[in-house]
Structures are given as structure tokens and as C-alpha cells.
Amino acid sequence: MKKRFTEEQIIGFLREAEAGMPVAQLCRKYAFSEASYYLWRNKFGGMNVSEAKRLKELETENACLKKLLAETMFENEIAKEALRKSGKLTVTAERRVIKSLTVVDDATHEAVTIVPERAMGGLHLTRVLDQLAKTRGLPKAIRTDNGKEFCSRAMLSLAHARGVQLFLIEPGKPKQNAYIESFNGRFRDECLNEH
């Protein structure tokens, strides 16, 4: 909605009232209500035109900053919810993410290893699997989600060199890897959220 009066005009009205013109006469002369006059006096009283313009600029900037803050807070809530639902990520008190690599044997449902890290790339993942291979051997097949570490060149090279088949679940279909998703949820609820 376009305002009827500019800040310059409003300050001019206030100056006329300060010079002695009765408020009722001023309101009749310029066709605005006494309530508007008193609102303007509270907002612009004692200001000059440049100060009023600066106030308007600051109000506009403040509205933009409030909008940005609200959007950022909303995005943070979405990210936190995604982290909570994923079951594989945890946020520390310092607001840093910890990702847990959970390796579970589908046949025995044994948690073979859980490796918490701030970041895990393909090379780190293959080192973890190499360590496991020393004590347990490698399985014939590994089923994973589509995380970049599982699709990395290092992981593909390890699988090819060791004769391990990789089965990636379809994106957005966690039920295709239901046991590990269930395990991750319990691990998060019973261990990570407790502390």
C-alpha cells in the first residue's frame, strides 16, 4: 500500500505544529487524522528529513535481515531434522557433525564396527575395510546407501581388486537396507542421544 505522505511532508507537518498551528487545524488543512499526527510525532518527532530517511532505510534493512534470519533458522531446522532422521550423523555440542560408519553383518546381525569421524572419504573407508579384512575377511557382497564414500573410486577399486560385489540401494529407498537403517536408529536413540 502506497503511503499518502512522504517523510519530508510528515516532518513538515510536525514543524508546523511546533511553530504553533493547532493540531486540529493542521489535520483539517492536510486531511489526516489526529491519531496519524500523534503516531508520526512519536516516530519522527525531533528528526530532520535526512534522519527520517535514514530511519526508513534502517527499517527496510532490518526487515530484510529478519527475513534472512528466519530463512536461515528454517534451513538449520531442516538440516537438523535430516540429520536426526538419517541416523548416521550426530551433531556435537560445538555444532560439528560426526558421521558414524556402521558395519553390520546381515546374516548374524552383529555390529562388526562403528567408526565415528568428522568426515569420511573413500580412502578412509577402504582403510577401515582393510583393517576389518585382517581380522574377519571381506564379505562376498556389501550393500550400502549412495553416499559419496561408497561410490568413490577408492571403494570401487577395492571391491574390484578383492572380488566384492557392491549393491547400492536406490536413492530415497532406505527400506532396501532396512536392518542397518533400524540399527542406526537404535544406535542413535540408545547411545548418541543419551550423551
# chains A, B, ... in the order shown; residues from 1 in each chain; ligands from 1
$ residues_around --residues "Ile10 of chain A" --least-positions-apart "3" --cutoff "12 Å" --atoms "only C-alpha atoms" --output "JSON list (two decimals) with N, CA, C and O atoms, in the first residue's frame"
[["chain", "number", "residue", "atom", "x", "y", "z"],
["A", 3, "LYS", "N", 1.97, 4.95, 0.67],
["A", 3, "LYS", "CA", 1.66, 5.94, 1.70],
["A", 3, "LYS", "C", 1.24, 7.25, 1.03],
["A", 3, "LYS", "O", 1.76, 7.62, -0.03],
["A", 4, "ARG", "N", 0.33, 7.95, 1.69],
["A", 4, "ARG", "CA", -0.13, 9.24, 1.17],
["A", 4, "ARG", "C", 0.90, 10.34, 1.31],
["A", 4, "ARG", "O", 0.98, 11.23, 0.49],
["A", 5, "PHE", "N", 1.67, 10.26, 2.39],
["A", 5, "PHE", "CA", 2.62, 11.34, 2.68],
["A", 5, "PHE", "C", 4.03, 10.79, 2.79],
["A", 5, "PHE", "O", 4.25, 9.72, 3.34],
["A", 6, "THR", "N", 4.97, 11.56, 2.28],
["A", 6, "THR", "CA", 6.38, 11.18, 2.39],
["A", 6, "THR", "C", 6.90, 11.61, 3.76],
["A", 6, "THR", "O", 6.25, 12.39, 4.47],
["A", 7, "GLU", "N", 8.10, 11.11, 4.10],
["A", 7, "GLU", "CA", 8.71, 11.51, 5.37],
["A", 7, "GLU", "C", 8.93, 13.02, 5.41],
["A", 7, "GLU", "O", 8.75, 13.65, 6.45],
["A", 13, "PHE", "N", 4.73, 18.77, 8.53],
["A", 13, "PHE", "CA", 3.52, 18.90, 9.36],
["A", 13, "PHE", "C", 3.90, 19.07, 10.83],
["A", 13, "PHE", "O", 3.36, 19.92, 11.54],
["A", 14, "LEU", "N", 4.85, 18.25, 11.28],
["A", 14, "LEU", "CA", 5.27, 18.31, 12.68],
["A", 14, "LEU", "C", 5.90, 19.68, 13.00],
["A", 14, "LEU", "O", 5.67, 20.24, 14.07],
["A", 15, "ARG", "N", 6.67, 20.21, 12.05],
["A", 15, "ARG", "CA", 7.29, 21.51, 12.26],
["A", 15, "ARG", "C", 6.23, 22.61, 12.35],
["A", 15, "ARG", "O", 6.36, 23.55, 13.14],
["A", 16, "GLU", "N", 5.18, 22.50, 11.50],
["A", 16, "GLU", "CA", 4.10, 23.50, 11.55],
["A", 16, "GLU", "C", 3.42, 23.46, 12.92],
["A", 16, "GLU", "O", 3.10, 24.51, 13.49],
["A", 17, "ALA", "N", 3.22, 22.23, 13.46],
["A", 17, "ALA", "CA", 2.59, 22.13, 14.77],
["A", 17, "ALA", "C", 3.51, 22.71, 15.85],
["A", 17, "ALA", "O", 3.06, 23.39, 16.77],
["A", 26, "LEU", "N", -4.31, 21.75, 11.69],
["A", 26, "LEU", "CA", -3.32, 21.11, 10.82],
["A", 26, "LEU", "C", -3.90, 19.87, 10.16],
["A", 26, "LEU", "O", -3.74, 19.65, 8.96],
["A", 27, "CYS", "N", -4.63, 19.08, 10.94],
["A", 27, "CYS", "CA", -5.23, 17.84, 10.42],
["A", 27, "CYS", "C", -6.28, 18.16, 9.36],
["A", 27, "CYS", "O", -6.37, 17.47, 8.34],
["A", 30, "TYR", "N", -4.55, 19.42, 5.95],
["A", 30, "TYR", "CA", -3.87, 18.42, 5.11],
["A", 30, "TYR", "C", -4.62, 17.09, 5.01],
["A", 30, "TYR", "O", -4.13, 16.15, 4.40],
["A", 32, "PHE", "N", -5.64, 14.60, 7.32],
["A", 32, "PHE", "CA", -5.23, 13.39, 8.02],
["A", 32, "PHE", "C", -5.78, 13.45, 9.44],
["A", 32, "PHE", "O", -6.21, 14.52, 9.90],
["A", 36, "SER", "N", -3.11, 9.92, 13.35],
["A", 36, "SER", "CA", -1.93, 9.85, 12.47],
["A", 36, "SER", "C", -0.88, 10.85, 12.92],
["A", 36, "SER", "O", 0.31, 10.55, 12.96],
["A", 37, "TYR", "N", -1.32, 12.06, 13.27],
["A", 37, "TYR", "CA", -0.38, 13.09, 13.74],
["A", 37, "TYR", "C", 0.40, 12.60, 14.95],
["A", 37, "TYR", "O", 1.63, 12.71, 15.00],
["A", 38, "TYR", "N", -0.30, 12.03, 15.92],
["A", 38, "TYR", "CA", 0.38, 11.60, 17.15],
["A", 38, "TYR", "C", 1.29, 10.39, 16.91],
["A", 38, "TYR", "O", 2.36, 10.27, 17.53],
["A", 39, "LEU", "N", 0.88, 9.52, 15.99],
["A", 39, "LEU", "CA", 1.78, 8.41, 15.61],
["A", 39, "LEU", "C", 3.05, 8.95, 14.97],
["A", 39, "LEU", "O", 4.16, 8.51, 15.28],
["A", 40, "TRP", "N", 2.88, 9.91, 14.05],
["A", 40, "TRP", "CA", 4.04, 10.49, 13.38],
["A", 40, "TRP", "C", 4.93, 11.23, 14.37],
["A", 40, "TRP", "O", 6.15, 11.19, 14.27],
["A", 41, "ARG", "N", 4.31, 11.94, 15.32],
["A", 41, "ARG", "CA", 5.09, 12.68, 16.31],
["A", 41, "ARG", "C", 5.94, 11.73, 17.15],
["A", 41, "ARG", "O", 7.10, 12.00, 17.45],
["A", 42, "ASN", "N", 5.33, 10.56, 17.50],
["A", 42, "ASN", "CA", 6.10, 9.57, 18.26],
["A", 42, "ASN", "C", 7.25, 8.99, 17.44],
["A", 42, "ASN", "O", 8.31, 8.70, 17.97],
["A", 43, "LYS", "N", 7.00, 8.81, 16.16],
["A", 43, "LYS", "CA", 8.01, 8.18, 15.31],
["A", 43, "LYS", "C", 9.06, 9.16, 14.82],
["A", 43, "LYS", "O", 10.26, 8.86, 14.83],
["A", 44, "PHE", "N", 8.63, 10.36, 14.38],
["A", 44, "PHE", "CA", 9.54, 11.30, 13.72],
["A", 44, "PHE", "C", 9.82, 12.56, 14.53],
["A", 44, "PHE", "O", 10.56, 13.43, 14.08],
["A", 45, "GLY", "N", 9.24, 12.69, 15.69],
["A", 45, "GLY", "CA", 9.40, 13.92, 16.48],
["A", 45, "GLY", "C", 10.86, 14.24, 16.74],
["A", 45, "GLY", "O", 11.63, 13.40, 17.18],
["A", 46, "GLY", "N", 11.26, 15.46, 16.44],
["A", 46, "GLY", "CA", 12.62, 15.91, 16.68],
["A", 46, "GLY", "C", 13.61, 15.52, 15.59],
["A", 46, "GLY", "O", 14.80, 15.83, 15.68],
["A", 47, "MET", "N", 13.16, 14.84, 14.56],
["A", 47, "MET", "CA", 14.07, 14.44, 13.47],
["A", 47, "MET", "C", 14.04, 15.44, 12.34],
["A", 47, "MET", "O", 13.04, 16.11, 12.11],
["A", 48, "ASN", "N", 15.15, 15.47, 11.60],
["A", 48, "ASN", "CA", 15.13, 16.22, 10.35],
["A", 48, "ASN", "C", 14.89, 15.23, 9.21],
["A", 48, "ASN", "O", 14.81, 14.02, 9.43],
["A", 49, "VAL", "N", 14.78, 15.73, 8.00],
["A", 49, "VAL", "CA", 14.42, 14.89, 6.85],
["A", 49, "VAL", "C", 15.46, 13.79, 6.61],
["A", 49, "VAL", "O", 15.11, 12.63, 6.37],
["A", 52, "ALA", "N", 15.04, 11.03, 9.09],
["A", 52, "ALA", "CA", 13.84, 10.25, 8.80],
["A", 52, "ALA", "C", 14.09, 9.28, 7.64],
["A", 52, "ALA", "O", 13.64, 8.13, 7.68],
["A", 53, "LYS", "N", 14.80, 9.75, 6.63],
["A", 53, "LYS", "CA", 15.13, 8.86, 5.50],
["A", 53, "LYS", "C", 16.03, 7.73, 5.97],
["A", 53, "LYS", "O", 15.84, 6.57, 5.58]]
$ select_by_dssp --residues "segment 15-181 of chain A" --states "strand (DSSP E)" --output "PDB file with N, CA, C and O atoms, in the first residue's frame"
ATOM      1  N   LEU A  89      24.385 -39.484  11.286  1.00  0.00           N
ATOM      2  CA  LEU A  89      25.073 -38.246  11.594  1.00  0.00           C
ATOM      3  C   LEU A  89      24.649 -37.759  12.976  1.00  0.00           C
ATOM      4  O   LEU A  89      23.508 -37.875  13.359  1.00  0.00           O
ATOM      5  N   THR A  90      25.589 -37.183  13.684  1.00  0.00           N
ATOM      6  CA  THR A  90      25.341 -36.630  15.001  1.00  0.00           C
ATOM      7  C   THR A  90      25.969 -35.256  15.051  1.00  0.00           C
ATOM      8  O   THR A  90      27.000 -35.025  14.433  1.00  0.00           O
ATOM      9  N   VAL A  91      25.366 -34.349  15.804  1.00  0.00           N
ATOM     10  CA  VAL A  91      25.904 -33.015  15.951  1.00  0.00           C
ATOM     11  C   VAL A  91      26.432 -32.878  17.375  1.00  0.00           C
ATOM     12  O   VAL A  91      25.732 -33.184  18.334  1.00  0.00           O
ATOM     13  N   VAL A  97      29.480 -31.839  12.952  1.00  0.00           N
ATOM     14  CA  VAL A  97      28.852 -33.099  12.581  1.00  0.00           C
ATOM     15  C   VAL A  97      29.834 -34.251  12.769  1.00  0.00           C
ATOM     16  O   VAL A  97      31.007 -34.143  12.422  1.00  0.00           O
ATOM     17  N   ILE A  98      29.336 -35.328  13.329  1.00  0.00           N
ATOM     18  CA  ILE A  98      30.107 -36.566  13.410  1.00  0.00           C
ATOM     19  C   ILE A  98      29.326 -37.606  12.628  1.00  0.00           C
ATOM     20  O   ILE A  98      28.145 -37.826  12.871  1.00  0.00           O
ATOM     21  N   LYS A  99      29.975 -38.220  11.694  1.00  0.00           N
ATOM     22  CA  LYS A  99      29.362 -39.261  10.881  1.00  0.00           C
ATOM     23  C   LYS A  99      29.844 -40.604  11.404  1.00  0.00           C
ATOM     24  O   LYS A  99      31.026 -40.767  11.681  1.00  0.00           O
ATOM     25  N   SER A 100      28.927 -41.530  11.559  1.00  0.00           N
ATOM     26  CA  SER A 100      29.297 -42.864  12.046  1.00  0.00           C
ATOM     27  C   SER A 100      29.156 -43.874  10.919  1.00  0.00           C
ATOM     28  O   SER A 100      28.079 -44.033  10.363  1.00  0.00           O
ATOM     29  N   LEU A 101      30.269 -44.540  10.606  1.00  0.00           N
ATOM     30  CA  LEU A 101      30.215 -45.658   9.668  1.00  0.00           C
ATOM     31  C   LEU A 101      29.843 -46.879  10.496  1.00  0.00           C
ATOM     32  O   LEU A 101      30.561 -47.258  11.416  1.00  0.00           O
ATOM     33  N   THR A 102      28.698 -47.467  10.206  1.00  0.00           N
ATOM     34  CA  THR A 102      28.272 -48.666  10.924  1.00  0.00           C
ATOM     35  C   THR A 102      28.317 -49.835   9.966  1.00  0.00           C
ATOM     36  O   THR A 102      27.713 -49.803   8.900  1.00  0.00           O
ATOM     37  N   VAL A 103      29.066 -50.861  10.347  1.00  0.00           N
ATOM     38  CA  VAL A 103      29.183 -52.075   9.534  1.00  0.00           C
ATOM     39  C   VAL A 103      28.490 -53.185  10.305  1.00  0.00           C
ATOM     40  O   VAL A 103      28.871 -53.504  11.428  1.00  0.00           O
ATOM     41  N   VAL A 104      27.447 -53.743   9.693  1.00  0.00           N
ATOM     42  CA  VAL A 104      26.649 -54.790  10.343  1.00  0.00           C
ATOM     43  C   VAL A 104      26.592 -56.008   9.425  1.00  0.00           C
ATOM     44  O   VAL A 104      26.372 -55.888   8.222  1.00  0.00           O
ATOM     45  N   ALA A 111      27.021 -56.106  14.989  1.00  0.00           N
ATOM     46  CA  ALA A 111      27.662 -54.835  14.644  1.00  0.00           C
ATOM     47  C   ALA A 111      29.158 -55.100  14.598  1.00  0.00           C
ATOM     48  O   ALA A 111      29.811 -55.234  15.625  1.00  0.00           O
ATOM     49  N   VAL A 112      29.695 -55.205  13.396  1.00  0.00           N
ATOM     50  CA  VAL A 112      31.100 -55.555  13.211  1.00  0.00           C
ATOM     51  C   VAL A 112      32.000 -54.403  13.656  1.00  0.00           C
ATOM     52  O   VAL A 112      32.985 -54.605  14.350  1.00  0.00           O
ATOM     53  N   THR A 113      31.645 -53.175  13.269  1.00  0.00           N
ATOM     54  CA  THR A 113      32.402 -51.999  13.704  1.00  0.00           C
ATOM     55  C   THR A 113      31.545 -50.765  13.567  1.00  0.00           C
ATOM     56  O   THR A 113      30.625 -50.717  12.751  1.00  0.00           O
ATOM     57  N   ILE A 114      31.857 -49.787  14.395  1.00  0.00           N
ATOM     58  CA  ILE A 114      31.258 -48.457  14.293  1.00  0.00           C
ATOM     59  C   ILE A 114      32.421 -47.478  14.363  1.00  0.00           C
ATOM     60  O   ILE A 114      33.179 -47.468  15.329  1.00  0.00           O
ATOM     61  N   VAL A 115      32.559 -46.686  13.310  1.00  0.00           N
ATOM     62  CA  VAL A 115      33.686 -45.759  13.226  1.00  0.00           C
ATOM     63  C   VAL A 115      33.142 -44.329  13.170  1.00  0.00           C
ATOM     64  O   VAL A 115      32.587 -43.924  12.157  1.00  0.00           O
ATOM     65  N   PRO A 116      33.277 -43.572  14.270  1.00  0.00           N
ATOM     66  CA  PRO A 116      32.838 -42.170  14.239  1.00  0.00           C
ATOM     67  C   PRO A 116      33.939 -41.276  13.684  1.00  0.00           C
ATOM     68  O   PRO A 116      35.102 -41.405  14.053  1.00  0.00           O
ATOM     69  N   GLU A 117      33.586 -40.398  12.776  1.00  0.00           N
ATOM     70  CA  GLU A 117      34.549 -39.462  12.183  1.00  0.00           C
ATOM     71  C   GLU A 117      33.839 -38.162  11.844  1.00  0.00           C
ATOM     72  O   GLU A 117      32.629 -38.147  11.614  1.00  0.00           O
ATOM     73  N   ALA A 141      29.691 -59.708  -0.685  1.00  0.00           N
ATOM     74  CA  ALA A 141      28.887 -58.573  -1.155  1.00  0.00           C
ATOM     75  C   ALA A 141      28.730 -57.561  -0.025  1.00  0.00           C
ATOM     76  O   ALA A 141      28.672 -57.922   1.145  1.00  0.00           O
ATOM     77  N   ILE A 142      28.652 -56.302  -0.422  1.00  0.00           N
ATOM     78  CA  ILE A 142      28.415 -55.204   0.521  1.00  0.00           C
ATOM     79  C   ILE A 142      27.246 -54.383  -0.012  1.00  0.00           C
ATOM     80  O   ILE A 142      27.246 -53.975  -1.172  1.00  0.00           O
ATOM     81  N   ARG A 143      26.252 -54.157   0.866  1.00  0.00           N
ATOM     82  CA  ARG A 143      25.091 -53.336   0.496  1.00  0.00           C
ATOM     83  C   ARG A 143      25.222 -52.005   1.227  1.00  0.00           C
ATOM     84  O   ARG A 143      25.420 -51.967   2.438  1.00  0.00           O
ATOM     85  N   THR A 144      25.123 -50.900   0.488  1.00  0.00           N
ATOM     86  CA  THR A 144      25.288 -49.568   1.072  1.00  0.00           C
ATOM     87  C   THR A 144      24.254 -48.607   0.507  1.00  0.00           C
ATOM     88  O   THR A 144      23.579 -48.919  -0.482  1.00  0.00           O
ATOM     89  N   GLN A 165      31.234 -57.777  -4.440  1.00  0.00           N
ATOM     90  CA  GLN A 165      30.162 -57.123  -5.191  1.00  0.00           C
ATOM     91  C   GLN A 165      29.598 -55.981  -4.354  1.00  0.00           C
ATOM     92  O   GLN A 165      29.389 -56.132  -3.142  1.00  0.00           O
ATOM     93  N   LEU A 166      29.353 -54.849  -5.000  1.00  0.00           N
ATOM     94  CA  LEU A 166      28.744 -53.711  -4.318  1.00  0.00           C
ATOM     95  C   LEU A 166      27.296 -53.593  -4.769  1.00  0.00           C
ATOM     96  O   LEU A 166      27.005 -53.608  -5.963  1.00  0.00           O
ATOM     97  N   PHE A 167      26.395 -53.497  -3.807  1.00  0.00           N
ATOM     98  CA  PHE A 167      24.980 -53.294  -4.083  1.00  0.00           C
ATOM     99  C   PHE A 167      24.575 -51.969  -3.451  1.00  0.00           C
ATOM    100  O   PHE A 167      24.558 -51.846  -2.223  1.00  0.00           O
ATOM    101  N   LEU A 168      24.298 -50.984  -4.300  1.00  0.00           N
ATOM    102  CA  LEU A 168      23.847 -49.689  -3.814  1.00  0.00           C
ATOM    103  C   LEU A 168      22.325 -49.673  -3.825  1.00  0.00           C
ATOM    104  O   LEU A 168      21.705 -50.036  -4.829  1.00  0.00           O
TER     105      LEU A 168
END
$ select_by_dssp --residues "segment 14-188 of chain A" --states "alpha helix (DSSP H)" --output "ChimeraX atom specification"
/A:14-18,23-30,34-44,49-86,122-136,153-162,178-187
$ atom_distance --atom1 "atom CA of Ile180 of chain A" --atom2 "atom CA of Arg127 of chain A"
20.8 Å
$ residues_around --residues "Leu138 of chain A" --least-positions-apart "4" --cutoff "12 Å" --atoms "only C-alpha atoms" --output "ChimeraX atom specification"
/A:103,105,112,126,128-134,142,158-159,161-166
$ closest_residue --among "A:Asp106, A:Glu149, A:Glu59, A:Glu190" --to "Asn177 of chain A" --atoms "only C-alpha atoms"
A:Asp106
$ closest_residue --among "A:Leu68, A:Tyr179, A:Glu61, A:Arg28" --to "Glu110 of chain A" --atoms "only C-alpha atoms"
A:Tyr179
$ closest_residue --among "A:Ala119, A:Ile78, A:Leu65, A:Val23" --to "Ala35 of chain A" --atoms "only C-alpha atoms"
A:Val23
$ atom_distance --atom1 "atom CA of Ser182 of chain A" --atom2 "atom CA of Pro139 of chain A"
21.0 Å
$ closest_residue --among "A:Asn146, A:Cys64, A:Ala154, A:Thr72" --to "Pro171 of chain A" --atoms "only C-alpha atoms"
A:Asn146
